Every structure is written in C-alpha cells, then in structure tokens.
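Trainee: Sharing work31.txt (compact mmCIF, C-alpha atoms) below.
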# COMPACT_ATOMS: atom_id res chain seq x y z
CA MET B 1480 1.62 -11.57 -153.69
CA LEU B 1481 1.20 -15.11 -152.38
CA LEU B 1482 1.73 -16.59 -155.83
CA HIS B 1483 4.95 -14.59 -156.15
CA VAL B 1484 6.22 -15.93 -152.82
CA ILE B 1485 5.40 -19.48 -153.91
CA GLN B 1486 7.25 -18.99 -157.20
CA VAL B 1487 10.32 -17.56 -155.46
CA ALA B 1488 10.33 -20.46 -152.99
CA ARG B 1489 10.08 -23.01 -155.81
CA GLU B 1490 12.98 -21.38 -157.63
CA HIS B 1491 15.01 -21.39 -154.42
CA PHE B 1492 14.32 -25.09 -153.81
CA ALA B 1493 15.20 -25.94 -157.41
CA LYS B 1494 18.56 -24.16 -157.10
CA GLU B 1495 19.29 -26.06 -153.89
CA GLU B 1496 18.50 -29.41 -155.51
CA GLN B 1497 20.28 -28.73 -158.81
CA ILE B 1498 23.32 -26.77 -157.62
CA LEU B 1499 23.91 -26.74 -153.87
CA TYR B 1500 23.22 -30.37 -152.96
CA PRO B 1501 25.42 -31.86 -155.72
CA ILE B 1502 28.29 -29.60 -154.63
CA ALA B 1503 27.76 -30.57 -150.99
CA GLU B 1504 27.87 -34.26 -151.94
CA GLN B 1505 31.21 -33.67 -153.69
CA VAL B 1506 32.93 -31.77 -150.88
CA LEU B 1507 31.40 -33.20 -147.68
CA ASP B 1508 31.78 -36.71 -146.35
CA THR B 1509 28.82 -38.98 -145.66
CA ASP B 1510 28.93 -38.47 -141.89
CA THR B 1511 28.80 -34.69 -142.26
CA LEU B 1512 25.92 -34.87 -144.75
CA THR B 1513 24.03 -37.20 -142.42
CA GLN B 1514 24.56 -34.90 -139.44
CA LEU B 1515 23.43 -31.85 -141.42
CA GLY B 1516 20.30 -33.72 -142.50
CA ARG B 1517 19.52 -34.72 -138.94
CA GLN B 1518 19.99 -31.15 -137.71
CA TRP B 1519 17.72 -29.83 -140.48
CA ALA B 1520 15.03 -32.36 -139.61
CA GLU B 1521 15.28 -31.73 -135.87
CA ARG B 1522 14.87 -27.96 -136.31
CA ARG B 1523 11.72 -28.58 -138.36
CA GLY B 1524 10.24 -31.37 -136.27
CA VAL B 1525 10.63 -33.88 -139.09
CA VAL B 1526 11.02 -37.55 -138.18
CA ILE B 1527 13.32 -39.48 -140.51
CA SER B 1528 13.03 -43.26 -140.52
CA ARG B 1529 14.78 -45.95 -142.51
CA GLU B 1530 11.47 -46.77 -144.20
CA SER B 1531 11.26 -43.22 -145.61
CA GLY B 1532 14.76 -43.41 -147.06
CA GLY B 1533 16.45 -41.65 -144.16
CA GLY B 1534 19.20 -44.18 -143.62
CA SER B 1535 21.36 -46.80 -145.21
Starting from the file, give its structure as structure tokens.
Mentor:
Amino acid sequence: MLLHVIQVAREHFAKEEQILYPIAEQVLDTDTLTQLGRQWAERRGVVISRESGGGS
C-alpha cells in the first residue's frame, strides 16, 4: 500500500513538473509566479532564501 502511494505521488509530481509548471510559466507573469511560490512555501513552513535559488 505504501509503495503504491509513493508511486502515485511520484507520478503526480512528474506531471506537475513536465506539464503544469511549463504552462504556468507561459501564461502567468513573474510576479504572480513568485507570489504563488511564496504562498506554497508559507503553507508548508518552507524558508526560501536567495542562496537556495529562491530569488533573482
């Protein structure tokens, strides 16, 4: 069961990276993408710093 959940999650993440994110980059401006990333990180307690690639 756990292995199945892991496989489904990996497939989901792959679809996001290969399909969803490229589309988002085409249709959303940089400010919107940045704000969405910050909101995602905040909800998950993730700290984004310039050193980790979280800025320009």
Trainee: Quick check, in Å to one decimal: how far apart do CA of Ala1520 (chain B) and CA of Lys1494 (chain B) lie?
Mentor: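 CA of Ala1520 (chain B) sits 19.6 Å away from CA of Lys1494 (chain B).
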Trainee: Using only C-alpha atoms, pick whichever of B:Ala1503, B:Ile1498, B:Ile1485, B:Ala1493 has the shortest atom-to-atom distance to Leu1515 (chain B).
Mentor: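 Closest residue, counting only C-alpha atoms: B:Ala1503.
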Trainee: In Å, with one decimal, what is the gap from CA of Arg1529 (chain B) to CA of Glu1490 (chain B)?
Mentor: 28.9 Å
Trainee: Just how far from CA of Thr1513 (chain B) is CA of Ile1527 (chain B), in Å to one decimal?
Mentor: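 Going from CA of Ile1527 (chain B) over to CA of Thr1513 (chain B), I get 11.1 Å.
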